[in-house]
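Structure file structure00.tsv; described as TSV, C-alpha atoms.
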chain	number	residue	atom	x	y	z
A	1	MET	CA	-41.17	11.06	23.90
A	2	ALA	CA	-41.87	7.37	24.61
A	3	LYS	CA	-39.49	4.82	23.16
A	4	ARG	CA	-40.75	2.65	20.36
A	5	ASP	CA	-41.03	-1.07	20.89
A	6	TYR	CA	-37.69	-2.73	19.98
A	7	TYR	CA	-39.40	-5.38	17.84
A	8	GLU	CA	-41.22	-2.63	15.98
A	9	VAL	CA	-37.91	-0.77	15.46
A	10	LEU	CA	-36.36	-3.80	13.78
A	11	GLY	CA	-39.56	-4.75	11.98
A	12	VAL	CA	-39.82	-8.32	13.36
A	13	GLU	CA	-42.35	-10.33	15.29
A	14	LYS	CA	-41.83	-10.84	19.03
A	15	GLY	CA	-41.06	-14.52	18.54
A	16	ALA	CA	-38.43	-13.92	15.81
A	17	ASP	CA	-35.36	-16.15	16.02
A	18	ASP	CA	-31.74	-14.97	16.04
A	19	ALA	CA	-31.34	-15.30	12.26
A	20	ALA	CA	-34.39	-13.15	11.60
A	21	LEU	CA	-33.15	-10.53	14.08
A	22	LYS	CA	-29.77	-10.43	12.38
A	23	ARG	CA	-31.27	-10.07	8.89
A	24	ALA	CA	-33.53	-7.27	10.05
A	25	TYR	CA	-30.69	-5.48	11.83
A	26	ARG	CA	-28.41	-5.71	8.81
A	27	LYS	CA	-31.08	-4.23	6.55
A	28	GLN	CA	-31.90	-1.34	8.90
A	29	ALA	CA	-28.27	-0.59	9.82
A	30	MET	CA	-27.24	-0.42	6.18
A	31	GLN	CA	-30.17	1.85	5.37
A	32	TYR	CA	-29.56	4.39	8.15
A	33	HIS	CA	-25.77	4.23	8.57
A	34	PRO	CA	-24.25	7.77	8.78
A	35	ASP	CA	-21.71	6.92	6.10
A	36	ARG	CA	-24.59	6.55	3.67
A	37	ASN	CA	-26.53	9.53	5.03
A	38	PRO	CA	-24.00	12.28	5.76
A	39	GLY	CA	-25.50	15.24	7.56
A	40	ASP	CA	-28.93	13.56	7.92
A	41	GLY	CA	-29.95	13.96	11.58
A	42	GLU	CA	-33.05	11.78	11.23
A	43	ALA	CA	-31.03	8.92	9.75
A	44	GLU	CA	-28.49	9.20	12.57
A	45	ALA	CA	-31.25	9.04	15.18
A	46	ALA	CA	-32.80	6.01	13.46
A	47	PHE	CA	-29.37	4.35	13.33
A	48	LYS	CA	-28.94	4.81	17.09
A	49	GLU	CA	-32.40	3.39	17.69
A	50	VAL	CA	-31.74	0.33	15.51
A	51	ASN	CA	-28.46	-0.41	17.28
A	52	GLU	CA	-30.00	-0.01	20.72
A	53	ALA	CA	-32.82	-2.41	19.83
A	54	TYR	CA	-30.46	-5.02	18.38
A	55	GLU	CA	-28.07	-4.81	21.36
A	56	ILE	CA	-30.92	-5.77	23.67
A	57	LEU	CA	-32.70	-8.37	21.56
A	58	LYS	CA	-29.61	-10.27	20.41
A	59	ASP	CA	-28.68	-11.05	24.03
A	60	PRO	CA	-30.92	-13.86	25.42
A	61	GLN	CA	-30.85	-12.57	29.01
A	62	LYS	CA	-31.50	-8.94	28.06
A	63	ARG	CA	-34.23	-10.04	25.66
A	64	ALA	CA	-35.93	-12.09	28.38
A	65	ALA	CA	-35.86	-9.11	30.72
A	66	TYR	CA	-37.24	-6.83	27.99
A	67	ASP	CA	-40.03	-9.27	27.12
A	68	GLN	CA	-41.07	-9.33	30.79
A	69	TYR	CA	-40.58	-5.70	31.87
A	70	GLY	CA	-40.24	-3.73	28.61
A	71	HIS	CA	-38.09	-0.60	28.62
A	72	ASP	CA	-38.39	-0.40	32.44
A	73	ALA	CA	-35.89	-3.26	32.67
A	74	PHE	CA	-33.13	-0.89	31.53
A	75	GLU	CA	-34.11	2.35	33.19
A	76	HIS	CA	-32.94	3.79	36.52
A	77	GLY	CA	-29.73	1.80	36.85
A	78	GLY	CA	-31.01	-1.42	35.34
A	79	MET	CA	-29.07	-3.57	32.92
A	80	GLY	CA	-28.14	-0.64	30.68
A	81	GLY	CA	-29.33	0.15	27.22
A	82	GLY	CA	-27.68	-0.46	23.86
A	83	ARG	CA	-24.32	1.01	22.92
A	84	GLY	CA	-25.93	3.45	20.48
A	85	PHE	CA	-24.18	5.36	17.72
A	86	GLY	CA	-21.00	6.23	19.65
A	87	GLY	CA	-20.15	2.60	20.35
A	88	MET	CA	-20.30	1.73	16.69
A	89	GLY	CA	-17.25	3.76	15.82
A	90	GLY	CA	-19.01	5.05	12.71
A	91	GLY	CA	-17.75	2.31	10.36
A	92	PHE	CA	-19.24	-0.56	8.41
A	93	SER	CA	-16.61	-2.96	9.79
A	94	ASP	CA	-18.37	-2.99	13.18
A	95	ILE	CA	-21.64	-3.99	11.57
A	96	PHE	CA	-19.96	-6.75	9.60
A	97	GLU	CA	-18.30	-8.05	12.78
A	98	ASP	CA	-21.68	-8.30	14.50
A	99	LEU	CA	-23.38	-9.87	11.50
A	100	PHE	CA	-20.73	-12.28	10.29
A	101	GLY	CA	-18.50	-12.86	13.31
A	102	ASP	CA	-19.60	-16.46	13.76
A	103	PHE	CA	-18.37	-17.22	10.21
A	104	MET	CA	-14.98	-15.57	10.72
A	105	GLY	CA	-13.35	-17.84	13.23
A	106	GLY	CA	-14.29	-16.53	16.66
A	107	GLY	CA	-15.33	-12.90	16.10
A	108	ALA	CA	-18.13	-11.26	18.02
A	109	GLY	CA	-20.76	-13.86	18.66
A	110	GLY	CA	-18.52	-16.56	17.17
A	111	GLY	CA	-18.92	-19.25	19.80
A	112	GLY	CA	-16.48	-21.61	18.07
A	113	ARG	CA	-12.77	-22.12	18.51
A	114	THR	CA	-10.33	-19.72	16.88
A	115	ARG	CA	-8.70	-20.70	13.61
A	116	ALA	CA	-5.01	-21.51	13.72
A	117	PRO	CA	-3.12	-18.18	13.45
A	118	ARG	CA	-2.06	-17.03	10.01
A	119	GLY	CA	1.66	-16.68	9.41
A	120	SER	CA	3.28	-13.25	9.33
A	121	ASP	CA	3.79	-11.35	6.09
A	122	LEU	CA	7.42	-10.82	5.12
A	123	ARG	CA	9.13	-7.85	3.50
A	124	TYR	CA	12.18	-8.17	1.26
A	125	ASN	CA	13.99	-5.08	-0.03
A	126	LEU	CA	15.48	-5.58	-3.49
A	127	GLU	CA	17.65	-3.10	-5.37
A	128	ILE	CA	17.87	-3.44	-9.14
A	129	THR	CA	19.70	-1.53	-11.85
A	130	LEU	CA	18.04	0.88	-14.25
A	131	GLU	CA	18.78	-1.55	-17.09
A	132	GLU	CA	17.00	-4.35	-15.18
A	133	ALA	CA	14.04	-2.05	-14.59
A	134	TYR	CA	14.01	-1.27	-18.34
A	135	HIS	CA	14.21	-4.82	-19.65
A	136	GLY	CA	12.61	-6.72	-16.76
A	137	LYS	CA	14.29	-9.75	-15.27
A	138	LYS	CA	13.68	-13.16	-13.78
A	139	MET	CA	15.59	-13.50	-10.51
A	140	GLU	CA	16.10	-16.10	-7.81
A	141	LEU	CA	15.96	-14.85	-4.22
A	142	THR	CA	16.90	-16.64	-1.02
A	143	ILE	CA	14.51	-15.62	1.74
A	144	PRO	CA	14.96	-16.42	5.46
A	145	THR	CA	11.55	-17.51	6.74
A	146	THR	CA	9.68	-20.17	8.69
A	147	ALA	CA	8.22	-23.27	7.10
A	148	GLU	CA	6.03	-26.11	8.22
A	149	CYS	CA	7.89	-28.56	10.45
A	150	GLY	CA	8.60	-31.72	8.49
A	151	SER	CA	8.65	-33.91	11.61
A	152	CYS	CA	5.12	-33.13	12.80
A	153	HIS	CA	3.73	-31.74	9.53
A	154	GLY	CA	2.74	-28.53	11.27
A	155	SER	CA	0.67	-30.07	14.07
A	156	GLY	CA	3.23	-29.31	16.79
A	157	ALA	CA	2.79	-32.80	18.28
A	158	GLU	CA	5.48	-35.48	18.39
A	159	ALA	CA	5.20	-38.23	15.79
A	160	GLY	CA	2.68	-40.85	16.88
A	161	SER	CA	0.66	-38.40	18.93
A	162	GLU	CA	-1.90	-35.70	18.14
A	163	PRO	CA	-3.22	-32.58	19.81
A	164	VAL	CA	-6.04	-33.37	22.21
A	165	THR	CA	-9.22	-31.53	23.08
A	166	CYS	CA	-8.54	-28.76	25.57
A	167	PRO	CA	-9.89	-29.85	28.99
A	168	SER	CA	-10.53	-26.24	30.05
A	169	CYS	CA	-12.90	-25.24	27.26
A	170	HIS	CA	-13.81	-28.73	25.96
A	171	GLY	CA	-12.71	-27.79	22.46
A	172	GLN	CA	-14.77	-24.59	22.21
A	173	GLY	CA	-11.82	-22.21	22.36
A	174	LYS	CA	-13.73	-20.02	24.82
A	175	VAL	CA	-14.62	-20.16	28.49
A	176	ARG	CA	-17.53	-18.53	30.29
A	177	ALA	CA	-17.78	-17.10	33.76
A	178	GLN	CA	-20.91	-15.94	35.58
A	179	GLN	CA	-20.72	-12.47	37.10
A	180	GLY	CA	-24.03	-11.62	38.71
A	181	PHE	CA	-26.68	-11.27	36.06
A	182	PHE	CA	-24.14	-11.43	33.19
A	183	THR	CA	-22.24	-14.25	31.55
A	184	ILE	CA	-18.74	-13.21	30.45
A	185	GLU	CA	-17.15	-15.09	27.53
A	186	ARG	CA	-13.43	-14.88	26.79
A	187	THR	CA	-10.72	-16.74	24.88
A	188	CYS	CA	-9.57	-19.86	26.66
A	189	PRO	CA	-6.16	-19.12	28.29
A	190	ALA	CA	-5.13	-22.78	28.24
A	191	CYS	CA	-5.28	-23.25	24.46
A	192	GLN	CA	-5.33	-19.59	23.29
A	193	GLY	CA	-8.61	-20.21	21.52
A	194	GLN	CA	-7.42	-23.22	19.53
A	195	GLY	CA	-9.67	-25.72	21.27
A	196	ARG	CA	-6.80	-28.22	21.39
A	197	VAL	CA	-3.62	-28.57	23.43
A	198	ILE	CA	-0.40	-30.46	22.79
A	199	GLU	CA	0.55	-32.88	25.53
A	200	ASN	CA	3.63	-34.28	23.75
A	201	PRO	CA	5.33	-31.44	21.82
A	202	CYS	CA	7.39	-32.18	18.73
A	203	LYS	CA	11.09	-32.20	19.61
A	204	THR	CA	12.07	-30.55	16.32
A	205	CYS	CA	9.86	-27.46	16.52
A	206	ARG	CA	9.05	-27.61	20.27
A	207	GLY	CA	5.33	-27.60	19.60
A	208	ASP	CA	5.31	-24.54	17.33
A	209	GLY	CA	4.67	-26.51	14.14
A	210	ARG	CA	7.25	-24.35	12.32
A	211	VAL	CA	11.01	-24.31	11.81
A	212	ARG	CA	13.40	-21.63	10.59
A	213	LYS	CA	14.77	-22.15	7.10
A	214	GLU	CA	15.84	-20.38	3.91
A	215	LYS	CA	13.65	-20.62	0.86
A	216	THR	CA	14.70	-19.95	-2.74
A	217	LEU	CA	12.05	-18.33	-4.89
A	218	SER	CA	11.90	-17.37	-8.56
A	219	VAL	CA	10.62	-13.82	-9.06
A	220	ASN	CA	9.68	-12.08	-12.31
A	221	ILE	CA	10.52	-8.37	-12.30
A	222	PRO	CA	8.29	-6.77	-14.97
A	223	ALA	CA	9.71	-4.17	-17.34
A	224	GLY	CA	9.03	-0.59	-16.31
A	225	VAL	CA	9.03	-0.98	-12.50
A	226	ASP	CA	9.99	2.06	-10.46
A	227	ASP	CA	11.16	2.96	-6.95
A	228	GLY	CA	8.62	1.91	-4.33
A	229	ASN	CA	6.82	-0.64	-6.51
A	230	ARG	CA	6.13	-3.89	-4.71
A	231	ILE	CA	5.54	-7.44	-5.81
A	232	ARG	CA	3.26	-9.69	-3.73
A	233	LEU	CA	3.88	-13.42	-3.61
A	234	SER	CA	0.81	-14.98	-2.03
A	235	GLY	CA	1.48	-17.71	0.52
A	236	GLU	CA	5.27	-17.24	0.48
A	237	GLY	CA	5.48	-15.55	3.89
A	238	GLU	CA	5.96	-17.29	7.21
A	239	ALA	CA	4.08	-20.52	7.84
A	240	GLY	CA	1.11	-20.32	10.21
A	241	MET	CA	1.31	-21.88	13.64
A	242	ARG	CA	0.05	-25.44	13.96
A	243	GLY	CA	-1.26	-25.73	10.44
A	244	GLY	CA	-2.46	-22.16	10.06
A	245	PRO	CA	-2.35	-20.55	6.58
A	246	PRO	CA	0.93	-18.91	5.53
A	247	GLY	CA	1.41	-15.17	5.19
A	248	ASP	CA	2.49	-13.36	2.03
A	249	LEU	CA	5.86	-12.10	0.85
A	250	TYR	CA	6.15	-8.48	-0.32
A	251	ILE	CA	9.18	-7.53	-2.40
A	252	PHE	CA	9.82	-3.77	-2.29
A	253	LEU	CA	11.85	-2.52	-5.24
A	254	SER	CA	14.36	0.31	-5.43
A	255	VAL	CA	16.18	1.34	-8.60
A	256	ALA	CA	19.85	2.27	-8.25
A	257	ASP	CA	21.19	5.57	-9.60
A	258	HIS	CA	22.71	5.34	-13.08
A	259	ARG	CA	26.03	6.83	-14.12
A	260	ILE	CA	24.67	8.27	-17.37
A	261	PHE	CA	20.87	8.47	-17.24
A	262	GLN	CA	18.47	10.09	-14.79
A	263	ARG	CA	14.93	8.79	-14.50
A	264	ASP	CA	11.79	10.88	-14.00
A	265	GLY	CA	8.78	8.57	-13.97
A	266	GLN	CA	8.67	6.96	-17.41
A	267	ASN	CA	10.99	9.54	-18.98
A	268	ILE	CA	14.78	9.39	-19.19
A	269	HIS	CA	17.10	12.40	-19.10
A	270	CYS	CA	20.70	12.56	-20.26
A	271	ARG	CA	23.13	15.49	-20.01
A	272	VAL	CA	25.35	15.49	-23.10
A	273	PRO	CA	28.36	17.82	-23.56
A	274	ILE	CA	28.80	19.14	-27.11
A	275	PRO	CA	31.76	21.01	-28.64
A	276	LEU	CA	31.56	24.78	-28.99
A	277	THR	CA	31.86	24.47	-32.76
A	278	THR	CA	28.96	22.01	-32.99
A	279	ALA	CA	26.82	24.28	-30.83
A	280	ALA	CA	27.63	27.28	-33.04
A	281	LEU	CA	27.56	25.67	-36.46
A	282	GLY	CA	25.16	22.77	-35.88
A	283	GLY	CA	25.77	19.11	-36.59
A	284	ASP	CA	24.85	15.56	-35.63
A	285	ILE	CA	25.81	13.69	-32.46
A	286	GLU	CA	25.12	10.12	-31.31
A	287	VAL	CA	23.81	9.34	-27.84
A	288	PRO	CA	23.35	5.98	-26.07
A	289	THR	CA	19.87	4.68	-25.20
A	290	LEU	CA	18.76	2.24	-22.52
A	291	ASP	CA	17.93	-0.45	-25.07
A	292	GLY	CA	21.67	-0.69	-25.87
A	293	ALA	CA	21.48	1.11	-29.20
A	294	ARG	CA	22.53	4.59	-30.30
A	295	ALA	CA	20.33	7.43	-31.47
A	296	LYS	CA	21.28	10.35	-33.74
A	297	VAL	CA	20.44	13.84	-32.56
A	298	SER	CA	20.61	16.80	-34.94
A	299	ILE	CA	21.97	19.86	-33.15
A	300	THR	CA	20.72	23.09	-34.67
A	301	ALA	CA	23.12	26.00	-35.17
A	302	GLY	CA	23.27	28.40	-32.23
A	303	THR	CA	22.33	25.78	-29.60
A	304	GLN	CA	22.88	26.99	-26.02
A	305	SER	CA	23.62	25.04	-22.85
A	306	GLY	CA	20.47	23.57	-21.32
A	307	ARG	CA	18.54	23.18	-24.54
A	308	LYS	CA	16.47	19.98	-24.62
A	309	PHE	CA	16.08	17.61	-27.55
A	310	ARG	CA	13.33	15.00	-27.34
A	311	LEU	CA	13.64	11.39	-28.52
A	312	ARG	CA	10.16	9.88	-28.64
A	313	ASN	CA	9.56	6.40	-27.19
A	314	LYS	CA	13.16	6.06	-26.00
A	315	GLY	CA	12.25	6.25	-22.31
A	316	MET	CA	11.12	3.55	-19.86
A	317	PRO	CA	8.48	0.96	-20.76
A	318	ILE	CA	5.06	1.75	-19.30
A	319	MET	CA	3.88	-1.23	-17.25
A	320	ASN	CA	0.96	-3.22	-18.66
A	321	SER	CA	1.31	-1.34	-21.93
A	322	HIS	CA	3.24	-1.47	-25.18
A	323	SER	CA	4.14	2.21	-24.86
A	324	HIS	CA	7.34	3.88	-23.69
A	325	GLY	CA	8.18	7.23	-22.20
A	326	ASP	CA	10.50	9.69	-23.91
A	327	MET	CA	14.19	10.48	-23.61
A	328	TYR	CA	15.41	14.06	-23.26
A	329	ILE	CA	18.91	15.18	-24.24
A	330	HIS	CA	20.14	18.22	-22.29
A	331	THR	CA	23.01	19.91	-24.11
A	332	ILE	CA	25.99	21.34	-22.28
A	333	VAL	CA	28.14	23.56	-24.50
A	334	GLU	CA	31.72	22.84	-23.55
A	335	THR	CA	34.32	25.62	-23.57
A	336	PRO	CA	37.59	24.38	-25.14
A	337	VAL	CA	40.69	24.16	-22.95
A	338	ASN	CA	44.44	23.71	-23.60
A	339	LEU	CA	44.29	25.80	-26.78
A	340	SER	CA	47.27	26.05	-29.11
A	341	LYS	CA	48.73	29.42	-30.10
A	342	ARG	CA	47.03	29.24	-33.49
A	343	GLN	CA	43.64	28.39	-31.92
A	344	LYS	CA	43.90	31.39	-29.64
A	345	GLU	CA	44.72	33.61	-32.59
A	346	LEU	CA	41.68	32.32	-34.46
A	347	LEU	CA	39.44	33.01	-31.50
A	348	LYS	CA	40.78	36.55	-31.23
A	349	GLU	CA	40.07	37.04	-34.90
A	350	PHE	CA	36.56	35.69	-34.33
A	351	GLU	CA	36.09	38.11	-31.44
A	352	ALA	CA	37.23	41.00	-33.56
A	353	GLU	CA	34.77	40.07	-36.28
A	354	SER	CA	31.87	39.63	-33.83
A	355	LYS	CA	28.94	42.00	-34.21
A	356	GLU	CA	25.84	42.85	-32.27
A	357	GLY	CA	23.41	39.95	-32.23
A	358	HIS	CA	26.04	37.18	-32.20
A	359	SER	CA	25.63	36.67	-28.43
A	360	PRO	CA	21.98	37.49	-27.65
A	361	GLU	CA	22.01	35.91	-24.18
A	362	SER	CA	24.95	37.94	-22.86
A	363	GLU	CA	23.79	41.09	-24.63
A	364	GLY	CA	20.37	40.80	-23.09
A	365	PHE	CA	21.78	40.13	-19.64
A	366	PHE	CA	24.14	43.10	-19.61
A	367	SER	CA	21.39	45.32	-20.99
A	368	ARG	CA	19.25	44.39	-17.99
A	369	VAL	CA	22.21	45.02	-15.66
A	370	LYS	CA	22.66	48.49	-17.16
A	371	ASP	CA	18.98	49.30	-16.59
A	372	PHE	CA	19.18	47.97	-13.04
A	373	LEU	CA	22.17	50.15	-12.14
A	374	ALA	CA	20.53	53.20	-13.74
A	375	ASP	CA	17.42	52.68	-11.61
A	376	LEU	CA	19.54	52.59	-8.44
A	377	LYS	CA	20.99	56.06	-9.21
A	378	GLU	CA	17.56	57.67	-9.57

Show me the file's structure as structure tokens.
Amino acid sequence: MAKRDYYEVLGVEKGADDAALKRAYRKQAMQYHPDRNPGDGEAEAAFKEVNEAYEILKDPQKRAAYDQYGHDAFEHGGMGGGRGFGGMGGGFSDIFEDLFGDFMGGGAGGGGRTRAPRGSDLRYNLEITLEEAYHGKKMELTIPTTAECGSCHGSGAEAGSEPVTCPSCHGQGKVRAQQGFFTIERTCPACQGQGRVIENPCKTCRGDGRVRKEKTLSVNIPAGVDDGNRIRLSGEGEAGMRGGPPGDLYIFLSVADHRIFQRDGQNIHCRVPIPLTTAALGGDIEVPTLDGARAKVSITAGTQSGRKFRLRNKGMPIMNSHSHGDMYIHTIVETPVNLSKRQKELLKEFEAESKEGHSPESEGFFSRVKDFLADLKE
């Protein structure tokens, strides 16, 4: 099957300029991209065709050859066709790089010098207590980082001098070399794409435009944060080289274990020992809460170890909300120790007076054991 004319594929006139080609390509690529047409073989074929056409027509030398010889210019070992679907990597980011590279500081088709490099992002690990996570806190942190050099104000050049236009690329940030029929463009090795070089480096920062220093920052820890939450401080990372924008600072939070409470998301758990008499007869106990107060819990008669009592809204604050989680009291029935002679006598009297149904847990267990052993004998 004969190939369609590349201009027809993109839907432009033969004399269309670069801007018109780019607009047409963007429209067609978005329409037929496989991410938008999963499983559609016709759309995939059209997407390949659109990319092949644009690869040829966006290059002045390939376009001139196509205008003169048509598809024959790229057949039988000629210049080579477009990269097709495989070369796109299947993602929208490749399309955006082609379409908008010249606005993004030296991307594909950029042609201009590279922007000064952005500073690195920084990570700071901060451990806080459960009480601080509950109430929130304003803290001051001292962060080791890099900052703009005060002597050269980030330019990297000694006071009284300035960076000069790179003689290798004449300020373009890129150099070109002719290799046969092709022109190869690459980042200028003399200025690393900056378009300018420093002839007289600053003695303080040695031409880097940055110096090492410690910076003190005020950080607000919101109430309700949990392990793994992070706080981003925009522009508080390392300074960029030679006036480049700074990076960001990310504070990663961890909440220390508590000696009384255990946290599960927005809920709080507390294991509370209760006397045997309270468990048997019932009664009230007081338990601490994270807000510094005390809460009364009514223990029902016959409470066993492991029973949970729920205190509504006594858990952790829920971030960006006025709500709280719950607090759960887990009872542990404590067996008395160091009994006096009289206490032992009373317990023996209690045992003698005990009847079936006083200890349902143990009675049920030993009943199951009896059945189990009987089954083994059969």

**OP:** Name the residues in contact with segment 208-217 of chain A at a cut-off of 7 Å, using all atoms listed in the file, excluding same-chain residues fewer than 5 positions from it; report them as a list in words.
**Re:**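 Surrounding residues, per the criterion: Glu140, Leu141, Thr142, Ile143, Pro144, Thr145, Thr146, Ala147, Glu148, Cys149, Cys152, Gly154, Ser155, Gly156, Ala239, Met241 and Arg242 of chain A.
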
Padding 4 Å on every side, please: axis-aligned box over the listed atoms of segment 239-244 of chain A, centre and edge lengths to one decimal in Å, as lines of an AutoDock Vina configuration file.
center_x = 0.8
center_y = -23.0
center_z = 10.9
size_x = 14.5
size_y = 13.4
size_z = 14.1

**OP:** Kindly give the distance, in Å, that separates atom CA of Ser120 of chain A and atom CA of Asp226 of chain A, rounded to a single decimal.
**Re:**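 Computed distance, atom CA of Ser120 of chain A to atom CA of Asp226 of chain A, equals 25.9 Å.
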
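Picture a line from atom CA of Pro189 of chain A to atom CA of Pro163 of chain A; it runs 16.2 Å.
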
Subject >> 12 Å contact set for segment 307-312 of chain A, only C-alpha atoms, chain neighbours under 4 positions out, as a count of residues only >> reply: 37

**OP:** Mind giving me the straight-line distance from atom CA of Gly70 of chain A to atom CA of Ala29 of chain A in Å, one decimal?
**Re:** 22.5 Å

Original post:
So which residues touch Arg196 of chain A within 8 Å, counting all atoms listed in the file, skipping near sequence neighbours fewer than 5 positions away, as a VMD selection string?
Top reply: chain A and resid 163 to 166 171 173 191

**OP:** Using all atoms listed in the file, pick whichever of A:Leu233, A:Leu57, A:Leu249, A:Val50 has the shortest atom-to-atom distance to Lys14 of chain A.
**Re:**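 Smallest separation from Lys14 of chain A among the options: A:Leu57.
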
Subject >> Nearest to Phe47 of chain A, chosen from A:Asp264, A:Asp18, A:Asp291, A:Asp35, with only C-alpha atoms counted in the distances >> reply: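 Checking each candidate against Phe47 of chain A, we get A:Asp35 as the closest.
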